[in-house]
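Have a look at my_file.cif; it's mmCIF, C-alpha atoms:
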data_data
loop_
_atom_site.label_atom_id
_atom_site.label_comp_id
_atom_site.auth_asym_id
_atom_site.auth_seq_id
_atom_site.Cartn_x
_atom_site.Cartn_y
_atom_site.Cartn_z
CA MET A 123 -11.34 -1.56 -24.93
CA LYS A 124 -8.14 -2.16 -23.00
CA THR A 125 -7.35 -0.02 -19.97
CA LEU A 126 -3.78 0.06 -18.69
CA VAL A 127 -3.46 0.86 -14.98
CA ILE A 128 -0.07 2.04 -13.78
CA ASN A 129 0.63 2.82 -10.15
CA ASP A 130 3.50 3.47 -7.75
CA VAL A 131 6.27 4.29 -10.22
CA HIS A 132 7.89 6.72 -7.76
CA VAL A 133 9.64 8.82 -10.41
CA PRO A 134 12.60 9.52 -10.40
CA PHE A 135 13.21 6.26 -8.55
CA GLN A 136 11.62 3.99 -11.15
CA SER A 137 12.96 0.60 -12.14
CA ALA A 138 14.71 0.43 -15.51
CA LYS A 139 13.47 -3.17 -15.95
CA TRP A 140 9.91 -2.08 -15.24
CA GLN A 141 10.21 0.89 -17.61
CA LYS A 142 11.54 -1.32 -20.41
CA LYS A 143 8.59 -3.70 -19.98
CA LEU A 144 6.13 -0.81 -20.09
CA ASP A 145 7.77 0.65 -23.20
CA GLU A 146 7.61 -2.75 -24.90
CA TYR A 147 3.94 -3.14 -24.02
CA LEU A 148 3.04 0.29 -25.38
CA ALA A 149 5.00 -0.37 -28.58
CA LYS A 150 3.00 -3.56 -29.22
CA GLU A 151 -0.40 -2.67 -27.81
CA SER A 152 -2.67 0.36 -28.10
CA PRO A 153 -4.70 0.70 -24.89
CA GLY A 154 -7.65 3.03 -25.29
CA LYS A 155 -7.21 4.38 -21.78
CA ILE A 156 -4.33 4.69 -19.34
CA ILE A 157 -4.97 5.29 -15.65
CA LEU A 158 -2.11 6.67 -13.59
CA GLY A 159 -3.23 5.35 -10.24
CA GLY A 160 -1.19 7.48 -7.88
CA ASP A 161 2.37 7.69 -6.57
CA ILE A 162 3.64 8.12 -10.10
CA ALA A 163 5.88 10.79 -8.55
CA ASP A 164 7.69 10.24 -5.27
CA PHE A 165 8.31 13.85 -4.16
CA HIS A 166 10.97 12.51 -1.85
CA ALA A 167 12.24 16.02 -1.13
CA LEU A 168 8.88 16.84 0.49
CA SER A 169 8.63 13.76 2.69
CA GLN A 170 8.14 14.40 6.40
CA HIS A 171 9.69 11.10 7.39
CA ARG A 172 12.41 8.71 6.27
CA ARG A 173 13.85 11.39 3.98
CA ASN A 174 17.34 10.96 2.62
CA PRO A 175 19.05 14.27 3.67
CA LYS A 176 21.12 14.25 0.46
CA TRP A 177 17.90 14.59 -1.53
CA GLU A 178 16.37 17.60 0.24
CA ASP A 179 17.42 20.17 -2.36
CA ASN A 180 16.36 18.09 -5.36
CA LEU A 181 12.69 19.03 -5.69
CA GLU A 182 13.31 20.79 -9.00
CA ALA A 183 15.03 17.69 -10.36
CA GLU A 184 12.07 15.55 -9.23
CA VAL A 185 9.54 17.87 -10.87
CA THR A 186 11.54 17.86 -14.10
CA ALA A 187 11.87 14.07 -14.10
CA HIS A 188 8.14 13.71 -13.46
CA ALA A 189 7.29 16.01 -16.37
CA GLU A 190 9.70 14.19 -18.68
CA TRP A 191 8.18 10.83 -17.71
CA LEU A 192 4.65 12.06 -18.47
CA GLU A 193 5.79 13.56 -21.75
CA ALA A 194 7.40 10.25 -22.78
CA LEU A 195 4.24 8.36 -21.84
CA ARG A 196 2.13 10.67 -23.97
CA GLY A 197 4.57 10.22 -26.83
CA ALA A 198 4.32 6.43 -26.57
CA ALA A 199 0.50 6.46 -26.34
CA ARG A 200 -0.59 9.36 -28.54
CA LYS A 201 -4.15 8.14 -29.07
CA ALA A 202 -4.90 6.95 -25.53
CA LYS A 203 -7.01 8.84 -23.04
CA ILE A 204 -4.70 9.35 -20.06
CA ILE A 205 -6.13 10.14 -16.64
CA TYR A 206 -4.30 10.71 -13.37
CA MET A 207 -5.38 9.99 -9.79
CA GLU A 208 -3.42 11.57 -6.95
CA GLY A 209 -1.70 9.22 -4.52
CA ASN A 210 -0.34 9.87 -1.06
CA HIS A 211 3.09 10.76 -2.49
CA GLU A 212 1.68 13.45 -4.80
CA ALA A 213 -0.31 14.66 -1.79
CA ARG A 214 3.02 15.39 -0.08
CA TRP A 215 3.09 18.60 -2.15
CA ASN A 216 -0.09 20.07 -0.66
CA SER A 217 0.72 18.77 2.82
CA TYR A 218 4.09 20.50 2.70
CA ILE A 219 2.51 23.80 1.67
CA GLN A 220 -0.23 23.44 4.28
CA ASN A 221 2.31 22.79 7.03
CA ARG A 222 5.09 25.18 5.96
CA ALA A 223 3.41 27.97 3.98
CA PRO A 224 -0.39 27.79 4.43
CA VAL A 225 -0.94 31.34 3.11
CA MET A 226 0.10 30.05 -0.33
CA ARG A 227 -2.45 27.23 -0.53
CA ASN A 228 -5.11 29.33 -2.27
CA ILE A 229 -3.02 30.85 -5.04
CA GLY A 230 -2.75 27.82 -7.29
CA VAL A 231 0.58 26.44 -6.14
CA ASP A 232 -0.39 22.93 -7.21
CA TRP A 233 1.84 20.12 -8.43
CA PRO A 234 -0.17 19.33 -11.62
CA GLU A 235 0.44 22.91 -12.75
CA TYR A 236 4.17 22.75 -12.10
CA VAL A 237 4.54 19.36 -13.77
CA GLY A 238 2.42 20.46 -16.72
CA VAL A 239 -0.18 17.70 -16.60
CA THR A 240 -2.60 19.51 -18.91
CA ASP A 241 0.22 20.22 -21.39
CA PHE A 242 0.31 16.47 -22.06
CA ASP A 243 -3.48 16.20 -22.42
CA ILE A 244 -3.81 14.34 -19.14
CA GLN A 245 -6.92 14.77 -16.99
CA MET A 246 -6.93 14.67 -13.19
CA ILE A 247 -9.66 12.43 -11.71
CA LYS A 248 -11.01 11.47 -8.30
CA PRO A 249 -10.61 8.02 -6.70
CA GLY A 250 -13.24 5.44 -7.57
CA HIS A 251 -13.13 5.91 -11.34
CA LYS A 252 -14.75 2.85 -12.97
CA VAL A 253 -13.67 1.06 -16.12
CA GLY A 254 -14.94 -2.01 -17.96
CA CYS A 255 -13.19 -5.23 -17.01
CA GLY A 256 -15.08 -7.88 -19.01
CA GLN A 257 -18.36 -9.82 -18.89
CA GLY A 258 -20.19 -6.52 -18.67
CA GLN A 259 -18.65 -5.76 -15.27
CA LYS A 260 -16.70 -2.74 -14.06
CA VAL A 261 -13.87 -2.20 -11.61
CA ALA A 262 -13.40 0.92 -9.47
CA VAL A 263 -9.84 2.21 -9.32
CA PHE A 264 -8.43 3.79 -6.15
CA HIS A 265 -4.89 4.56 -5.13
CA GLY A 266 -5.25 2.66 -1.87
CA HIS A 267 -4.52 5.23 0.84
CA GLU A 268 -7.97 6.84 0.77
CA GLY A 269 -9.93 4.50 2.99
CA ARG A 270 -7.36 3.90 5.73
CA LEU A 271 -8.49 0.28 5.67
CA GLY A 272 -5.37 -1.14 7.27
CA ASN A 273 -2.88 -3.61 5.85
CA SER A 274 -2.87 -7.22 4.75
CA LYS A 275 -0.10 -9.77 4.59
CA PHE A 276 -1.67 -11.16 1.42
CA GLY A 277 -1.54 -9.52 -2.00
CA GLY A 278 -5.11 -8.52 -2.81
CA GLY A 279 -6.24 -8.46 0.82
CA MET A 280 -6.39 -4.70 1.19
CA ALA A 281 -7.98 -4.36 -2.25
CA LEU A 282 -10.69 -6.80 -1.21
CA ARG A 283 -11.48 -4.55 1.76
CA PHE A 284 -12.01 -1.71 -0.70
CA ALA A 285 -14.24 -3.94 -2.83
CA LEU A 286 -16.38 -4.99 0.12
CA ASN A 287 -16.51 -1.43 1.45
CA HIS A 288 -17.76 -0.09 -1.89
CA GLY A 289 -19.77 -3.10 -3.01
CA CYS A 290 -17.98 -3.53 -6.33
CA ASN A 291 -14.80 -4.87 -7.91
CA ALA A 292 -11.85 -2.71 -6.84
CA HIS A 293 -8.28 -2.07 -7.98
CA ILE A 294 -5.68 -0.40 -5.77
CA GLY A 295 -1.97 0.32 -5.79
CA HIS A 296 -0.24 1.72 -2.70
CA THR A 297 0.71 -1.67 -1.20
CA HIS A 298 3.24 -2.43 -3.97
CA LYS A 299 1.92 -6.01 -3.77
CA GLN A 300 0.20 -8.05 -6.45
CA GLY A 301 -2.76 -10.36 -6.08
CA THR A 302 -6.48 -10.83 -6.52
CA LEU A 303 -8.89 -12.04 -3.83
CA PHE A 304 -12.62 -12.68 -4.00
CA GLY A 305 -15.43 -11.94 -1.57
CA GLN A 306 -19.20 -12.05 -1.27
CA PHE A 307 -21.22 -8.84 -1.25
CA GLY A 308 -24.89 -9.67 -0.92
CA LYS A 309 -25.57 -12.08 -3.77
CA LYS A 310 -22.59 -10.86 -5.81
CA VAL A 311 -19.08 -12.26 -5.96
CA ILE A 312 -16.63 -9.38 -6.27
CA TYR A 313 -12.86 -9.11 -6.33
CA GLY A 314 -10.09 -6.84 -5.14
CA HIS A 315 -6.90 -6.55 -7.17
CA GLU A 316 -3.56 -5.02 -6.19
CA GLY A 317 -1.44 -3.91 -9.13
CA GLY A 318 2.21 -4.04 -8.07
CA PHE A 319 4.62 -1.11 -8.49
CA GLY A 320 7.40 0.25 -10.68
CA GLY A 321 10.11 1.41 -8.28
CA ASP A 322 13.75 0.40 -7.92
CA LEU A 323 14.51 -0.75 -4.38
CA ARG A 324 18.17 0.20 -4.78
CA LYS A 325 17.34 3.90 -5.04
CA PRO A 326 17.14 6.46 -2.17
CA ALA A 327 13.35 6.53 -1.77
CA PHE A 328 13.43 2.92 -0.64
CA ASP A 329 16.29 3.11 1.85
CA PHE A 330 13.80 2.43 4.62
CA VAL A 331 13.08 -1.12 3.38
CA ARG A 332 16.61 -2.14 2.50
CA GLY A 333 17.53 -5.38 4.24
CA ARG A 334 13.90 -6.24 5.01
CA ASN A 335 12.05 -9.21 3.56
CA ILE A 336 9.30 -7.62 1.47
CA ASP A 337 6.87 -9.04 -1.06
CA TRP A 338 6.57 -6.13 -3.47
CA VAL A 339 6.06 -7.05 -7.13
CA LEU A 340 7.15 -5.16 -10.25
CA GLY A 341 4.43 -4.91 -12.87
CA PHE A 342 1.30 -3.24 -14.18
CA THR A 343 -2.29 -4.23 -14.93
CA VAL A 344 -4.49 -4.40 -18.02
CA TYR A 345 -8.31 -4.59 -18.00
CA ASP A 346 -10.25 -5.52 -21.14
CA SER A 347 -13.92 -4.55 -21.36
CA ASP A 348 -14.37 -6.71 -24.47
CA GLN A 349 -13.39 -10.03 -22.94
CA THR A 350 -16.25 -12.46 -22.36
CA HIS A 351 -14.54 -15.27 -20.47
CA SER A 352 -13.69 -13.34 -17.29
CA PRO A 353 -13.87 -9.94 -15.57
CA LEU A 354 -10.36 -10.41 -14.16
CA PRO A 355 -7.38 -8.29 -15.24
CA LYS A 356 -4.11 -9.41 -16.76
CA PHE A 357 -1.16 -8.58 -14.57
CA ILE A 358 2.04 -8.07 -16.54
CA LYS A 359 4.87 -8.99 -14.25
CA VAL A 360 8.41 -7.76 -14.76
#
Translate the structure described by the file into structure tokens.
Amino acid sequence: MKTLVINDVHVPFQSAKWQKKLDEYLAKESPGKIILGGDIADFHALSQHRRNPKWEDNLEAEVTAHAEWLEALRGAARKAKIIYMEGNHEARWNSYIQNRAPVMRNIGVDWPEYVGVTDFDIQMIKPGHKVGCGQGQKVAVFHGHEGRLGNSKFGGGMALRFALNHGCNAHIGHTHKQGTLFGQFGKKVIYGHEGGFGGDLRKPAFDFVRGRNIDWVLGFTVYDSDQTHSPLPKFIKV
């Protein structure tokens, strides 16, 4: 079975080129599972730093765009099991409520409810969800912010830290980089993979990196539990 892992789309700041590539893939392929690996939404209006002041009143527009993106994904992959892992950008919602209106935190004011995640038959999951990746192996999927394991100048470096920390193959987003690195855990060789991102650097959420030399890579990842030649994923670059 093929598992498509999508992370760091940053809706409504997604790349049109990236979206076209994803739409083409879904039109040709039928992955059995789709993992939304966090930061699918940006929630820029709720950011506590680097916020574009012109965007502060646009939370409703962001929520609507997020819901429309999920609805379109479900429409393009009607038979797939779709699961969603919260990233640090989705977590902005709860952090904002905790900091600004803590008395509301226990009455169900949650972003999945407002976006309508369950309406699209999408299940929320915890980090570390494992899927088959070939040769009888599995890979654990995280967003990448959970472990606070630092940064790496190399694509795959931070993912490898997750792999070594958990003793298994690991996939992360969060870094917006792409790469796969290998390490030794006991007698096992394991890998860490970083799955790129889907944002458009020309849009407001990325004002803070404009003019900087960055090595972010547009794309998404596919794992195939049926492949026998390798446990490694296929990265589809845009």
Worksheet item: If you count all atoms listed in the file, which residues fall within 7 Å of stretch 310-315 of chain A, apart from same-chain ones fewer than 6 positions away, as a PyMOL selection string?
Response: chain A and resi 278+281-282+285+290-294+301-304
Item to complete: Would you be able to write out as a ChimeraX atom specification which residues have an atom within 12 Å of (2.9, 16.7, 2.7) in the file's coordinates, counting all atoms listed in the file?
Response: /A:164-171,209-224,233
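Taking atom CA of A:Gln245 and atom CA of A:Tyr206 as endpoints, the distance between them is 6.0 Å.
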Discussion item. Which residues would end up in the selection if the PyMOL selection byres ((chain A and resi 355) around 6) were applied here, given that I need the answer as a PyMOL selection string?
Written reply: chain A and resi 344-345+354+356
Export of the given selection (C-alpha atoms) as a PDB file, keeping the file's coordinate frame:
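Result file selection22.pdb:
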ATOM      1  CA  VAL A 344      -4.490  -4.400 -18.020  1.00  0.00           C
ATOM      2  CA  TYR A 345      -8.310  -4.590 -18.000  1.00  0.00           C
ATOM      3  CA  LEU A 354     -10.360 -10.410 -14.160  1.00  0.00           C
ATOM      4  CA  LYS A 356      -4.110  -9.410 -16.760  1.00  0.00           C
TER       5      LYS A 356
END
Discussion item. Under the PyMOL selection byres ((chain A and resi 134-136) around 8), which residues of this model are included? Write them out as a VMD selection string.
Written reply: chain A and resid 131 to 133 137 to 138 140 to 141 163 to 164 184 187 to 188 320 to 322 325 to 327
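Across the structure, atom CA of A:Val261 and atom CA of A:Tyr147 are spaced 21.7 Å apart.
Using only C-alpha atoms, the protein and nucleic acid residues lying no more than 12 Å from A:Arg196, apart from those fewer than 6 places from it along its own chain, are Asp145, Leu148, Lys155, Ile156, Leu158, Ala189, Glu190, Ala202, Lys203, Ile204, Ile205, Val239, Thr240, Asp241, Phe242, Asp243 and Ile244 of chain A.
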Worksheet item: If you count all atoms listed in the file, which residues fall within 12 Å of A:Lys150, apart from same-chain ones fewer than 5 positions away, as a list of chain:residue names?
Response: A:Lys143, A:Leu144, A:Asp145, A:Ala198, A:Ala199
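For the pair atom CA of A:Asn287 and atom CA of A:Ser347, the separation is 23.2 Å.
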Worksheet item: So which residues are close to (-14.9, -14.4, -17.5), meaning at most 10 Å away in the file's coordinates with all atoms listed in the file counted, and can you show them as a PyMOL selection string?
Response: chain A and resi 255-259+349-355
Let me have the centre and edge lengths of the axis-aligned box enclosing all listed atoms of stretch 210-215 of chain A with 5 Å padding on every side, in Å to one decimal, as AutoDock Vina command-line options.
--center_x 1.4 --center_y 14.2 --center_z -2.4 --size_x 13.4 --size_y 18.7 --size_z 14.7
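Compared by their closest atoms to A:Gly341, and using only C-alpha atoms, the residues A:Pro175, A:Gly279, A:Gly254, A:Gly317 rank with A:Gly317 nearest.
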Worksheet item: Counting only C-alpha atoms, which of A:Pro153, A:Gly295, A:Gly333, A:Gly159 gets nearest to A:Phe319?
Response: A:Gly295
Fill in: Nearest to A:Lys359 by atom-to-atom distance, counting only C-alpha atoms, from A:His296, A:Val185, A:Lys142, A:Asp161
A:Lys142
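Compared by their closest atoms to A:Met207, and using all atoms listed in the file, the residues A:Val225, A:Ala183, A:Val127, A:Ala149 rank with A:Val127 nearest.
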Worksheet entry | Nearest residue to A:Phe264 from the set A:Ile162, A:Val237, A:Ile229, A:Ile157 (distances using only C-alpha atoms) | A:Ile157
